[in-house]
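Below: upload04.pdb (PDB, C-alpha atoms, pLDDT in the B column)
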ATOM      1  CA  MET A   1     152.883 -27.078  18.553  1.00 37.00           C
ATOM      2  CA  ASP A   2     152.637 -28.405  22.101  1.00 44.00           C
ATOM      3  CA  ILE A   3     155.826 -28.446  24.174  1.00 46.00           C
ATOM      4  CA  ILE A   4     156.539 -31.987  25.383  1.00 47.00           C
ATOM      5  CA  ASP A   5     157.886 -32.245  28.917  1.00 63.00           C
ATOM      6  CA  PHE A   6     160.433 -35.059  29.170  1.00 72.00           C
ATOM      7  CA  ILE A   7     160.472 -35.205  32.982  1.00 92.00           C
ATOM      8  CA  ASP A   8     158.961 -38.718  33.052  1.00 93.00           C
ATOM      9  CA  THR A   9     161.229 -41.728  32.751  1.00 96.00           C
ATOM     10  CA  PRO A  10     160.535 -43.438  29.392  1.00 94.00           C
ATOM     11  CA  ILE A  11     158.894 -46.677  30.451  1.00 94.00           C
ATOM     12  CA  ARG A  12     156.309 -48.862  28.754  1.00 94.00           C
ATOM     13  CA  PRO A  13     152.763 -49.213  30.178  1.00 93.00           C
ATOM     14  CA  ASP A  14     153.235 -52.983  30.506  1.00 95.00           C
ATOM     15  CA  ALA A  15     156.488 -52.668  32.469  1.00 94.00           C
ATOM     16  CA  PHE A  16     155.094 -54.316  35.617  1.00 93.00           C
ATOM     17  CA  GLU A  17     153.004 -57.117  34.165  1.00 94.00           C
ATOM     18  CA  MET A  18     155.990 -59.380  34.816  1.00 95.00           C
ATOM     19  CA  GLY A  19     156.975 -60.073  38.434  1.00 95.00           C
ATOM     20  CA  ASP A  20     160.450 -59.521  39.860  1.00 96.00           C
ATOM     21  CA  GLU A  21     161.365 -63.216  39.916  1.00 97.00           C
ATOM     22  CA  GLU A  22     160.463 -63.672  36.269  1.00 97.00           C
ATOM     23  CA  LYS A  23     162.423 -60.545  35.336  1.00 98.00           C
ATOM     24  CA  ILE A  24     165.467 -61.823  37.231  1.00 98.00           C
ATOM     25  CA  GLU A  25     165.242 -65.184  35.469  1.00 98.00           C
ATOM     26  CA  LYS A  26     165.032 -63.610  31.999  1.00 98.00           C
ATOM     27  CA  ILE A  27     167.768 -61.031  32.618  1.00 98.00           C
ATOM     28  CA  GLU A  28     170.028 -63.755  34.021  1.00 98.00           C
ATOM     29  CA  MET A  29     169.652 -65.675  30.760  1.00 98.00           C
ATOM     30  CA  HIS A  30     170.644 -62.633  28.694  1.00 98.00           C
ATOM     31  CA  VAL A  31     173.593 -61.702  30.925  1.00 98.00           C
ATOM     32  CA  ARG A  32     174.817 -65.284  30.625  1.00 98.00           C
ATOM     33  CA  SER A  33     174.568 -64.986  26.844  1.00 98.00           C
ATOM     34  CA  ILE A  34     176.525 -61.696  26.807  1.00 98.00           C
ATOM     35  CA  LEU A  35     179.340 -63.126  28.921  1.00 98.00           C
ATOM     36  CA  ASP A  36     179.416 -66.254  26.793  1.00 98.00           C
ATOM     37  CA  ILE A  37     179.710 -64.163  23.599  1.00 98.00           C
ATOM     38  CA  LEU A  38     182.594 -62.256  25.203  1.00 98.00           C
ATOM     39  CA  GLY A  39     184.359 -65.577  25.694  1.00 98.00           C
ATOM     40  CA  MET A  40     184.129 -65.822  29.481  1.00 98.00           C
ATOM     41  CA  ASP A  41     184.280 -69.280  31.042  1.00 98.00           C
ATOM     42  CA  LEU A  42     181.047 -69.463  33.002  1.00 97.00           C
ATOM     43  CA  THR A  43     182.034 -72.786  34.562  1.00 97.00           C
ATOM     44  CA  ASP A  44     184.683 -70.939  36.604  1.00 97.00           C
ATOM     45  CA  ASP A  45     183.527 -70.671  40.221  1.00 97.00           C
ATOM     46  CA  SER A  46     184.159 -66.893  40.172  1.00 97.00           C
ATOM     47  CA  LEU A  47     181.813 -66.389  37.205  1.00 97.00           C
ATOM     48  CA  SER A  48     179.211 -69.132  37.527  1.00 97.00           C
ATOM     49  CA  ARG A  49     176.829 -67.043  39.676  1.00 98.00           C
ATOM     50  CA  THR A  50     177.573 -63.698  38.009  1.00 98.00           C
ATOM     51  CA  PRO A  51     174.544 -63.723  35.651  1.00 98.00           C
ATOM     52  CA  HIS A  52     172.190 -64.252  38.592  1.00 98.00           C
ATOM     53  CA  ARG A  53     173.954 -61.631  40.723  1.00 98.00           C
ATOM     54  CA  VAL A  54     173.716 -59.053  37.945  1.00 98.00           C
ATOM     55  CA  ALA A  55     170.060 -59.826  37.221  1.00 98.00           C
ATOM     56  CA  LYS A  56     169.076 -59.606  40.882  1.00 98.00           C
ATOM     57  CA  MET A  57     171.056 -56.383  41.295  1.00 98.00           C
ATOM     58  CA  TYR A  58     169.307 -54.796  38.316  1.00 98.00           C
ATOM     59  CA  VAL A  59     165.787 -55.641  39.483  1.00 98.00           C
ATOM     60  CA  THR A  60     166.033 -55.232  43.262  1.00 97.00           C
ATOM     61  CA  GLU A  61     168.766 -52.608  43.656  1.00 98.00           C
ATOM     62  CA  LEU A  62     170.121 -50.509  40.779  1.00 98.00           C
ATOM     63  CA  PHE A  63     166.783 -50.146  38.976  1.00 98.00           C
ATOM     64  CA  ALA A  64     164.366 -50.572  41.894  1.00 98.00           C
ATOM     65  CA  GLY A  65     163.234 -46.966  41.404  1.00 97.00           C
ATOM     66  CA  LEU A  66     161.428 -47.942  38.208  1.00 97.00           C
ATOM     67  CA  ASN A  67     158.763 -49.695  40.266  1.00 95.00           C
ATOM     68  CA  PRO A  68     156.181 -47.278  41.760  1.00 94.00           C
ATOM     69  CA  GLU A  69     155.647 -49.731  44.620  1.00 95.00           C
ATOM     70  CA  ASN A  70     159.109 -48.757  45.873  1.00 96.00           C
ATOM     71  CA  LYS A  71     158.274 -45.055  46.049  1.00 96.00           C
ATOM     72  CA  PRO A  72     158.941 -43.824  49.600  1.00 95.00           C
ATOM     73  CA  ARG A  73     155.934 -43.087  51.758  1.00 94.00           C
ATOM     74  CA  VAL A  74     156.288 -39.552  53.034  1.00 93.00           C
ATOM     75  CA  THR A  75     154.781 -38.153  56.227  1.00 90.00           C
ATOM     76  CA  LEU A  76     154.550 -34.401  56.663  1.00 95.00           C
ATOM     77  CA  PHE A  77     154.496 -32.560  59.969  1.00 95.00           C
ATOM     78  CA  GLU A  78     153.042 -29.227  60.933  1.00 95.00           C
ATOM     79  CA  ASN A  79     155.655 -26.481  61.010  1.00 93.00           C
ATOM     80  CA  LYS A  80     155.007 -25.767  64.691  1.00 92.00           C
ATOM     81  CA  TYR A  81     158.262 -23.872  65.048  1.00 91.00           C
ATOM     82  CA  ARG A  82     157.132 -21.287  62.469  1.00 92.00           C
ATOM     83  CA  TYR A  83     160.519 -21.730  60.827  1.00 94.00           C
ATOM     84  CA  SER A  84     160.326 -19.444  57.803  1.00 93.00           C
ATOM     85  CA  GLN A  85     163.864 -19.664  56.407  1.00 96.00           C
ATOM     86  CA  MET A  86     165.148 -22.207  53.931  1.00 97.00           C
ATOM     87  CA  LEU A  87     165.986 -25.699  55.114  1.00 97.00           C
ATOM     88  CA  VAL A  88     169.017 -27.138  53.324  1.00 98.00           C
ATOM     89  CA  GLU A  89     170.105 -30.767  53.242  1.00 98.00           C
ATOM     90  CA  LYS A  90     173.390 -31.025  51.402  1.00 98.00           C
ATOM     91  CA  ASP A  91     175.806 -33.746  50.346  1.00 98.00           C
ATOM     92  CA  ILE A  92     173.138 -36.405  49.853  1.00 98.00           C
ATOM     93  CA  SER A  93     174.787 -39.382  48.167  1.00 98.00           C
ATOM     94  CA  VAL A  94     173.653 -40.008  44.604  1.00 98.00           C
ATOM     95  CA  PHE A  95     174.220 -43.379  42.916  1.00 98.00           C
ATOM     96  CA  SER A  96     172.516 -43.768  39.562  1.00 98.00           C
ATOM     97  CA  THR A  97     173.056 -45.392  36.170  1.00 98.00           C
ATOM     98  CA  CYS A  98     173.580 -43.641  32.846  1.00 97.00           C
ATOM     99  CA  GLU A  99     170.820 -44.791  30.520  1.00 97.00           C
ATOM    100  CA  HIS A 100     173.054 -44.357  27.455  1.00 97.00           C
ATOM    101  CA  HIS A 101     175.809 -46.799  28.466  1.00 97.00           C
ATOM    102  CA  LEU A 102     174.498 -48.449  31.684  1.00 97.00           C
ATOM    103  CA  VAL A 103     177.508 -47.370  33.731  1.00 97.00           C
ATOM    104  CA  PRO A 104     177.475 -45.541  37.084  1.00 98.00           C
ATOM    105  CA  ILE A 105     176.710 -41.906  37.829  1.00 98.00           C
ATOM    106  CA  TYR A 106     177.757 -40.917  41.328  1.00 98.00           C
ATOM    107  CA  GLY A 107     177.975 -37.684  43.278  1.00 98.00           C
ATOM    108  CA  LYS A 108     176.068 -35.440  45.657  1.00 98.00           C
ATOM    109  CA  ALA A 109     172.638 -33.825  45.707  1.00 98.00           C
ATOM    110  CA  HIS A 110     171.883 -30.608  47.576  1.00 98.00           C
ATOM    111  CA  VAL A 111     168.217 -29.958  48.372  1.00 98.00           C
ATOM    112  CA  ALA A 112     166.465 -26.981  49.951  1.00 98.00           C
ATOM    113  CA  TYR A 113     162.912 -25.820  50.510  1.00 98.00           C
ATOM    114  CA  ILE A 114     160.987 -23.119  52.333  1.00 98.00           C
ATOM    115  CA  SER A 115     158.033 -24.435  54.320  1.00 96.00           C
ATOM    116  CA  ASN A 116     154.506 -23.605  53.238  1.00 95.00           C
ATOM    117  CA  GLY A 117     153.126 -24.746  56.585  1.00 95.00           C
ATOM    118  CA  GLU A 118     154.419 -28.314  56.700  1.00 95.00           C
ATOM    119  CA  VAL A 119     157.841 -29.931  56.959  1.00 96.00           C
ATOM    120  CA  ILE A 120     159.203 -33.276  55.817  1.00 96.00           C
ATOM    121  CA  GLY A 121     161.341 -35.707  57.803  1.00 95.00           C
ATOM    122  CA  LEU A 122     164.961 -35.261  56.769  1.00 95.00           C
ATOM    123  CA  SER A 123     165.514 -38.936  55.922  1.00 96.00           C
ATOM    124  CA  LYS A 124     162.607 -38.778  53.484  1.00 97.00           C
ATOM    125  CA  ILE A 125     164.496 -36.244  51.366  1.00 98.00           C
ATOM    126  CA  ASN A 126     167.318 -38.783  51.069  1.00 98.00           C
ATOM    127  CA  ARG A 127     164.844 -41.508  50.168  1.00 98.00           C
ATOM    128  CA  ILE A 128     163.250 -39.386  47.431  1.00 98.00           C
ATOM    129  CA  VAL A 129     166.703 -38.756  45.951  1.00 98.00           C
ATOM    130  CA  GLN A 130     167.504 -42.475  46.137  1.00 98.00           C
ATOM    131  CA  TYR A 131     164.179 -43.517  44.590  1.00 98.00           C
ATOM    132  CA  PHE A 132     164.594 -41.424  41.453  1.00 98.00           C
ATOM    133  CA  SER A 133     168.302 -42.269  41.250  1.00 98.00           C
ATOM    134  CA  LYS A 134     167.652 -46.018  41.160  1.00 98.00           C
ATOM    135  CA  ARG A 135     166.727 -46.207  37.507  1.00 98.00           C
ATOM    136  CA  PRO A 136     168.448 -45.629  34.164  1.00 98.00           C
ATOM    137  CA  GLN A 137     168.833 -41.853  34.132  1.00 98.00           C
ATOM    138  CA  VAL A 138     170.176 -38.708  32.601  1.00 97.00           C
ATOM    139  CA  GLN A 139     171.223 -36.166  35.216  1.00 98.00           C
ATOM    140  CA  GLU A 140     169.010 -33.380  33.917  1.00 97.00           C
ATOM    141  CA  ARG A 141     165.880 -35.524  34.244  1.00 98.00           C
ATOM    142  CA  LEU A 142     166.927 -36.818  37.663  1.00 98.00           C
ATOM    143  CA  THR A 143     167.322 -33.268  38.955  1.00 98.00           C
ATOM    144  CA  ARG A 144     163.915 -32.234  37.670  1.00 98.00           C
ATOM    145  CA  GLN A 145     162.172 -35.361  38.981  1.00 98.00           C
ATOM    146  CA  ILE A 146     163.462 -34.819  42.522  1.00 98.00           C
ATOM    147  CA  ALA A 147     162.451 -31.151  42.475  1.00 98.00           C
ATOM    148  CA  ALA A 148     158.987 -31.894  41.062  1.00 97.00           C
ATOM    149  CA  GLU A 149     158.336 -34.588  43.665  1.00 97.00           C
ATOM    150  CA  LEU A 150     159.310 -32.241  46.506  1.00 97.00           C
ATOM    151  CA  ARG A 151     157.128 -29.429  45.150  1.00 97.00           C
ATOM    152  CA  GLU A 152     154.155 -31.766  44.918  1.00 96.00           C
ATOM    153  CA  THR A 153     154.764 -33.361  48.319  1.00 96.00           C
ATOM    154  CA  LEU A 154     155.404 -30.126  50.212  1.00 96.00           C
ATOM    155  CA  LYS A 155     152.766 -28.093  48.313  1.00 96.00           C
ATOM    156  CA  THR A 156     155.236 -25.298  47.702  1.00 97.00           C
ATOM    157  CA  GLU A 157     157.089 -23.886  44.701  1.00 98.00           C
ATOM    158  CA  ASP A 158     159.984 -22.855  46.946  1.00 98.00           C
ATOM    159  CA  VAL A 159     162.291 -25.782  46.179  1.00 98.00           C
ATOM    160  CA  ALA A 160     165.901 -25.999  45.011  1.00 98.00           C
ATOM    161  CA  VAL A 161     167.869 -29.036  43.855  1.00 98.00           C
ATOM    162  CA  VAL A 162     171.497 -29.120  42.703  1.00 98.00           C
ATOM    163  CA  ILE A 163     173.314 -32.298  41.675  1.00 98.00           C
ATOM    164  CA  ASP A 164     177.082 -32.490  41.168  1.00 98.00           C
ATOM    165  CA  ALA A 165     178.033 -35.882  39.736  1.00 98.00           C
ATOM    166  CA  THR A 166     180.711 -37.869  37.958  1.00 98.00           C
ATOM    167  CA  HIS A 167     179.703 -39.943  34.943  1.00 97.00           C
ATOM    168  CA  MET A 168     181.644 -43.135  34.279  1.00 95.00           C
ATOM    169  CA  CYS A 169     180.631 -42.927  30.614  1.00 95.00           C
ATOM    170  CA  VAL A 170     182.951 -39.892  30.518  1.00 95.00           C
ATOM    171  CA  ALA A 171     185.606 -41.172  32.933  1.00 94.00           C
ATOM    172  CA  ALA A 172     185.952 -44.826  31.867  1.00 94.00           C
ATOM    173  CA  ARG A 173     185.269 -44.651  28.122  1.00 93.00           C
ATOM    174  CA  GLY A 174     185.211 -42.118  25.309  1.00 93.00           C
ATOM    175  CA  VAL A 175     187.346 -39.143  26.339  1.00 93.00           C
ATOM    176  CA  GLU A 176     188.347 -40.929  29.594  1.00 93.00           C
ATOM    177  CA  ASP A 177     188.301 -37.685  31.589  1.00 94.00           C
ATOM    178  CA  VAL A 178     188.502 -38.604  35.282  1.00 94.00           C
ATOM    179  CA  ASN A 179     188.568 -35.002  36.537  1.00 93.00           C
ATOM    180  CA  SER A 180     185.337 -33.465  35.267  1.00 95.00           C
ATOM    181  CA  SER A 181     181.941 -33.468  36.938  1.00 96.00           C
ATOM    182  CA  THR A 182     178.499 -32.334  35.812  1.00 98.00           C
ATOM    183  CA  VAL A 183     176.345 -29.851  37.735  1.00 98.00           C
ATOM    184  CA  THR A 184     172.593 -29.493  37.169  1.00 98.00           C
ATOM    185  CA  ALA A 185     170.050 -27.369  39.009  1.00 98.00           C
ATOM    186  CA  ASP A 186     166.300 -26.900  39.342  1.00 98.00           C
ATOM    187  CA  LEU A 187     165.358 -23.711  41.200  1.00 98.00           C
ATOM    188  CA  SER A 188     161.774 -22.545  41.582  1.00 98.00           C
ATOM    189  CA  GLY A 189     159.681 -20.114  43.607  1.00 98.00           C
ATOM    190  CA  GLN A 190     161.696 -17.887  45.912  1.00 98.00           C
ATOM    191  CA  PHE A 191     164.914 -19.629  44.840  1.00 98.00           C
ATOM    192  CA  GLN A 192     164.673 -17.805  41.522  1.00 98.00           C
ATOM    193  CA  ASN A 193     165.221 -14.547  43.395  1.00 98.00           C
ATOM    194  CA  GLU A 194     168.892 -13.584  43.293  1.00 98.00           C
ATOM    195  CA  ALA A 195     169.343 -13.066  47.053  1.00 98.00           C
ATOM    196  CA  THR A 196     167.694 -16.400  47.969  1.00 98.00           C
ATOM    197  CA  ARG A 197     169.549 -18.240  45.227  1.00 98.00           C
ATOM    198  CA  LEU A 198     172.901 -16.857  46.340  1.00 98.00           C
ATOM    199  CA  GLU A 199     172.156 -17.728  49.973  1.00 98.00           C
ATOM    200  CA  PHE A 200     171.398 -21.332  48.971  1.00 98.00           C
ATOM    201  CA  LEU A 201     174.529 -21.596  46.816  1.00 98.00           C
ATOM    202  CA  ARG A 202     176.626 -20.218  49.671  1.00 98.00           C
ATOM    203  CA  TYR A 203     175.268 -22.856  52.048  1.00 98.00           C
ATOM    204  CA  ILE A 204     176.233 -25.677  49.663  1.00 98.00           C
ATOM    205  CA  GLY A 205     179.645 -24.196  48.897  1.00 96.00           C
ATOM    206  CA  TYR A 206     179.170 -22.847  45.380  1.00 92.00           C
TER     207      TYR A 206
END
Let me see the file written as structure tokens.
Amino acid sequence: MDIIDFIDTPIRPDAFEMGDEEKIEKIEMHVRSILDILGMDLTDDSLSRTPHRVAKMYVTELFAGLNPENKPRVTLFENKYRYSQMLVEKDISVFSTCEHHLVPIYGKAHVAYISNGEVIGLSKINRIVQYFSKRPQVQERLTRQIAAELRETLKTEDVAVVIDATHMCVAARGVEDVNSSTVTADLSGQFQNEATRLEFLRYIGY
């Protein structure tokens, strides 16, 4: 039996046949219906524009990472400095949405790589994290997607990604545990070696 790799976000092939404006219009209608069912008075000036705000937020902000057109364009540079040690960018802000309950996931991502001859602009690492975060997610998949994108972009297996995040589906509902966080990691190449792994974890404070 073939092993299925669930790294890809589950999305239909026809997901982009509809334009953003049409999506916003349709989502607005459904949000309005949900609020109406809940008994909210949508004639109140505080609520009257809420369905449109939510719809626009979903399409252009929270879930903008679903659209491949929003994928960051990455420029690589020659590693002229012959820097051969790991580069670590830590405490990158992560804001995502749990795909099980559509509530926030927020925390920090720590990313490292060892150059294979080229380097990436630091802000582009942040943008890659943001791109994959801006979609309905589970943290395990998000971690793997970021790591896979960096390996492909940098043409190196020497990549490490750790995410430490709080899930509002745990904090605000269910067990209502406001103290716990979830840590996931994807370590490949040299980062699977104990000494390199420990060096990386020491840099990010683990």
Can you build me a table of region 30-140 of chain A residues sitting at most 9 Å from region 192-200 of chain A, with the closest atom pair per residue and its distance in Å to one decimal, using all atoms listed in the file, sorted by chain and residue number, as CSV?
residue,atom,partner,partner_atom,distance
A:Met86,CA,A:Phe200,CA,8.0
A:Val88,CA,A:Phe200,CA,7.6
A:Ala112,CA,A:Phe200,CA,7.6
Scan for residues within 10 Å of the point (177.3, -39.3, 33.6) in the coordinates of the file, using all atoms listed in the file, and reply as a short mmCIF file (atom, residue, chain, number, x, y, z; two decimals) with C-alpha atoms, in the frame of the given file.
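Output file selection-v6.cif follows:
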data_model
loop_
_atom_site.label_atom_id
_atom_site.label_comp_id
_atom_site.auth_asym_id
_atom_site.auth_seq_id
_atom_site.Cartn_x
_atom_site.Cartn_y
_atom_site.Cartn_z
CA SER A 96 172.52 -43.77 39.56
CA THR A 97 173.06 -45.39 36.17
CA CYS A 98 173.58 -43.64 32.85
CA GLU A 99 170.82 -44.79 30.52
CA HIS A 100 173.05 -44.36 27.46
CA HIS A 101 175.81 -46.80 28.47
CA LEU A 102 174.50 -48.45 31.68
CA VAL A 103 177.51 -47.37 33.73
CA PRO A 104 177.48 -45.54 37.08
CA ILE A 105 176.71 -41.91 37.83
CA TYR A 106 177.76 -40.92 41.33
CA GLY A 107 177.98 -37.68 43.28
CA GLN A 137 168.83 -41.85 34.13
CA VAL A 138 170.18 -38.71 32.60
CA GLN A 139 171.22 -36.17 35.22
CA ALA A 165 178.03 -35.88 39.74
CA THR A 166 180.71 -37.87 37.96
CA HIS A 167 179.70 -39.94 34.94
CA MET A 168 181.64 -43.14 34.28
CA CYS A 169 180.63 -42.93 30.61
CA VAL A 170 182.95 -39.89 30.52
CA ALA A 171 185.61 -41.17 32.93
CA SER A 181 181.94 -33.47 36.94
CA THR A 182 178.50 -32.33 35.81
#
Inset, instruction - Please measure the separation of CA of Lys124 (chain A) and CA of Arg73 (chain A), giving the value in Å to one decimal. - result: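 CA of Arg73 (chain A) lies at a distance of 8.1 Å from CA of Lys124 (chain A).
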Legend entry - Minimum-distance residue to Met57 (chain A), chosen among A:Lys134, A:Ala109, A:Phe6, A:Glu17 (using all atoms listed in the file):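 Selected residue with least distance to Met57 (chain A): A:Lys134.
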Inset, instruction - Kindly resolve the PyMOL selection byres ((chain A and resi 20-33) around 7) on the present coordinates and return the residues as number ranges by chain. - result: A: 18-19, 34-37, 51-52, 55-56, 59
Kindly add N, CA and C atoms to the incomplete region 157-181 of chain A and provide the output as a PDB file, in the frame of the given file.
ATOM      1  N   GLU A 157     156.204 -24.085  45.847  1.00 98.00           N
ATOM      2  CA  GLU A 157     157.089 -23.886  44.701  1.00 98.00           C
ATOM      3  C   GLU A 157     158.509 -23.562  45.149  1.00 98.00           C
ATOM      4  N   ASP A 158     158.690 -23.326  46.445  1.00 98.00           N
ATOM      5  CA  ASP A 158     159.984 -22.855  46.946  1.00 98.00           C
ATOM      6  C   ASP A 158     160.917 -24.029  47.211  1.00 98.00           C
ATOM      7  N   VAL A 159     161.446 -24.578  46.123  1.00 98.00           N
ATOM      8  CA  VAL A 159     162.291 -25.782  46.179  1.00 98.00           C
ATOM      9  C   VAL A 159     163.519 -25.564  45.309  1.00 98.00           C
ATOM     10  N   ALA A 160     164.660 -26.059  45.783  1.00 98.00           N
ATOM     11  CA  ALA A 160     165.901 -25.999  45.011  1.00 98.00           C
ATOM     12  C   ALA A 160     166.600 -27.349  45.072  1.00 98.00           C
ATOM     13  N   VAL A 161     167.103 -27.794  43.935  1.00 98.00           N
ATOM     14  CA  VAL A 161     167.869 -29.036  43.855  1.00 98.00           C
ATOM     15  C   VAL A 161     169.088 -28.795  42.974  1.00 98.00           C
ATOM     16  N   VAL A 162     170.262 -29.151  43.487  1.00 98.00           N
ATOM     17  CA  VAL A 162     171.497 -29.120  42.703  1.00 98.00           C
ATOM     18  C   VAL A 162     172.145 -30.489  42.816  1.00 98.00           C
ATOM     19  N   ILE A 163     172.580 -31.032  41.678  1.00 98.00           N
ATOM     20  CA  ILE A 163     173.314 -32.298  41.675  1.00 98.00           C
ATOM     21  C   ILE A 163     174.674 -32.069  41.021  1.00 98.00           C
ATOM     22  N   ASP A 164     175.713 -32.552  41.690  1.00 98.00           N
ATOM     23  CA  ASP A 164     177.082 -32.490  41.168  1.00 98.00           C
ATOM     24  C   ASP A 164     177.567 -33.938  41.097  1.00 98.00           C
ATOM     25  N   ALA A 165     177.777 -34.448  39.873  1.00 98.00           N
ATOM     26  CA  ALA A 165     178.033 -35.882  39.736  1.00 98.00           C
ATOM     27  C   ALA A 165     179.105 -36.179  38.693  1.00 98.00           C
ATOM     28  N   THR A 166     179.735 -37.320  38.900  1.00 98.00           N
ATOM     29  CA  THR A 166     180.711 -37.869  37.958  1.00 98.00           C
ATOM     30  C   THR A 166     180.042 -38.967  37.146  1.00 98.00           C
ATOM     31  N   HIS A 167     180.299 -38.965  35.848  1.00 97.00           N
ATOM     32  CA  HIS A 167     179.703 -39.943  34.943  1.00 97.00           C
ATOM     33  C   HIS A 167     180.790 -40.887  34.441  1.00 97.00           C
ATOM     34  N   MET A 168     180.639 -42.172  34.714  1.00 95.00           N
ATOM     35  CA  MET A 168     181.644 -43.135  34.279  1.00 95.00           C
ATOM     36  C   MET A 168     181.664 -43.307  32.761  1.00 95.00           C
ATOM     37  N   CYS A 169     180.596 -42.887  32.075  1.00 95.00           N
ATOM     38  CA  CYS A 169     180.631 -42.927  30.614  1.00 95.00           C
ATOM     39  C   CYS A 169     181.600 -41.887  30.070  1.00 95.00           C
ATOM     40  N   VAL A 170     181.936 -40.878  30.873  1.00 95.00           N
ATOM     41  CA  VAL A 170     182.951 -39.892  30.518  1.00 95.00           C
ATOM     42  C   VAL A 170     184.315 -40.312  31.061  1.00 95.00           C
ATOM     43  N   ALA A 171     184.331 -40.859  32.269  1.00 94.00           N
ATOM     44  CA  ALA A 171     185.606 -41.172  32.933  1.00 94.00           C
ATOM     45  C   ALA A 171     186.232 -42.477  32.445  1.00 94.00           C
ATOM     46  N   ALA A 172     185.422 -43.492  32.154  1.00 94.00           N
ATOM     47  CA  ALA A 172     185.952 -44.826  31.867  1.00 94.00           C
ATOM     48  C   ALA A 172     185.939 -45.193  30.396  1.00 94.00           C
ATOM     49  N   ARG A 173     185.325 -44.364  29.558  1.00 93.00           N
ATOM     50  CA  ARG A 173     185.269 -44.651  28.122  1.00 93.00           C
ATOM     51  C   ARG A 173     185.292 -43.305  27.377  1.00 93.00           C
ATOM     52  N   GLY A 174     185.246 -43.362  26.076  1.00 93.00           N
ATOM     53  CA  GLY A 174     185.211 -42.118  25.309  1.00 93.00           C
ATOM     54  C   GLY A 174     186.447 -41.261  25.567  1.00 93.00           C
ATOM     55  N   VAL A 175     186.228 -40.058  26.087  1.00 93.00           N
ATOM     56  CA  VAL A 175     187.346 -39.143  26.339  1.00 93.00           C
ATOM     57  C   VAL A 175     188.178 -39.543  27.545  1.00 93.00           C
ATOM     58  N   GLU A 176     187.650 -40.434  28.404  1.00 93.00           N
ATOM     59  CA  GLU A 176     188.347 -40.929  29.594  1.00 93.00           C
ATOM     60  C   GLU A 176     188.867 -39.773  30.459  1.00 93.00           C
ATOM     61  N   ASP A 177     187.972 -38.836  30.747  1.00 94.00           N
ATOM     62  CA  ASP A 177     188.301 -37.685  31.589  1.00 94.00           C
ATOM     63  C   ASP A 177     187.861 -37.990  33.017  1.00 94.00           C
ATOM     64  N   VAL A 178     188.816 -38.221  33.907  1.00 94.00           N
ATOM     65  CA  VAL A 178     188.502 -38.604  35.282  1.00 94.00           C
ATOM     66  C   VAL A 178     188.362 -37.395  36.207  1.00 94.00           C
ATOM     67  N   ASN A 179     188.560 -36.195  35.686  1.00 93.00           N
ATOM     68  CA  ASN A 179     188.568 -35.002  36.537  1.00 93.00           C
ATOM     69  C   ASN A 179     187.284 -34.185  36.478  1.00 93.00           C
ATOM     70  N   SER A 180     186.507 -34.321  35.428  1.00 95.00           N
ATOM     71  CA  SER A 180     185.337 -33.465  35.267  1.00 95.00           C
ATOM     72  C   SER A 180     184.135 -34.001  36.032  1.00 95.00           C
ATOM     73  N   SER A 181     183.229 -33.089  36.375  1.00 96.00           N
ATOM     74  CA  SER A 181     181.941 -33.468  36.938  1.00 96.00           C
ATOM     75  C   SER A 181     180.868 -32.614  36.273  1.00 96.00           C
TER      76      SER A 181
END
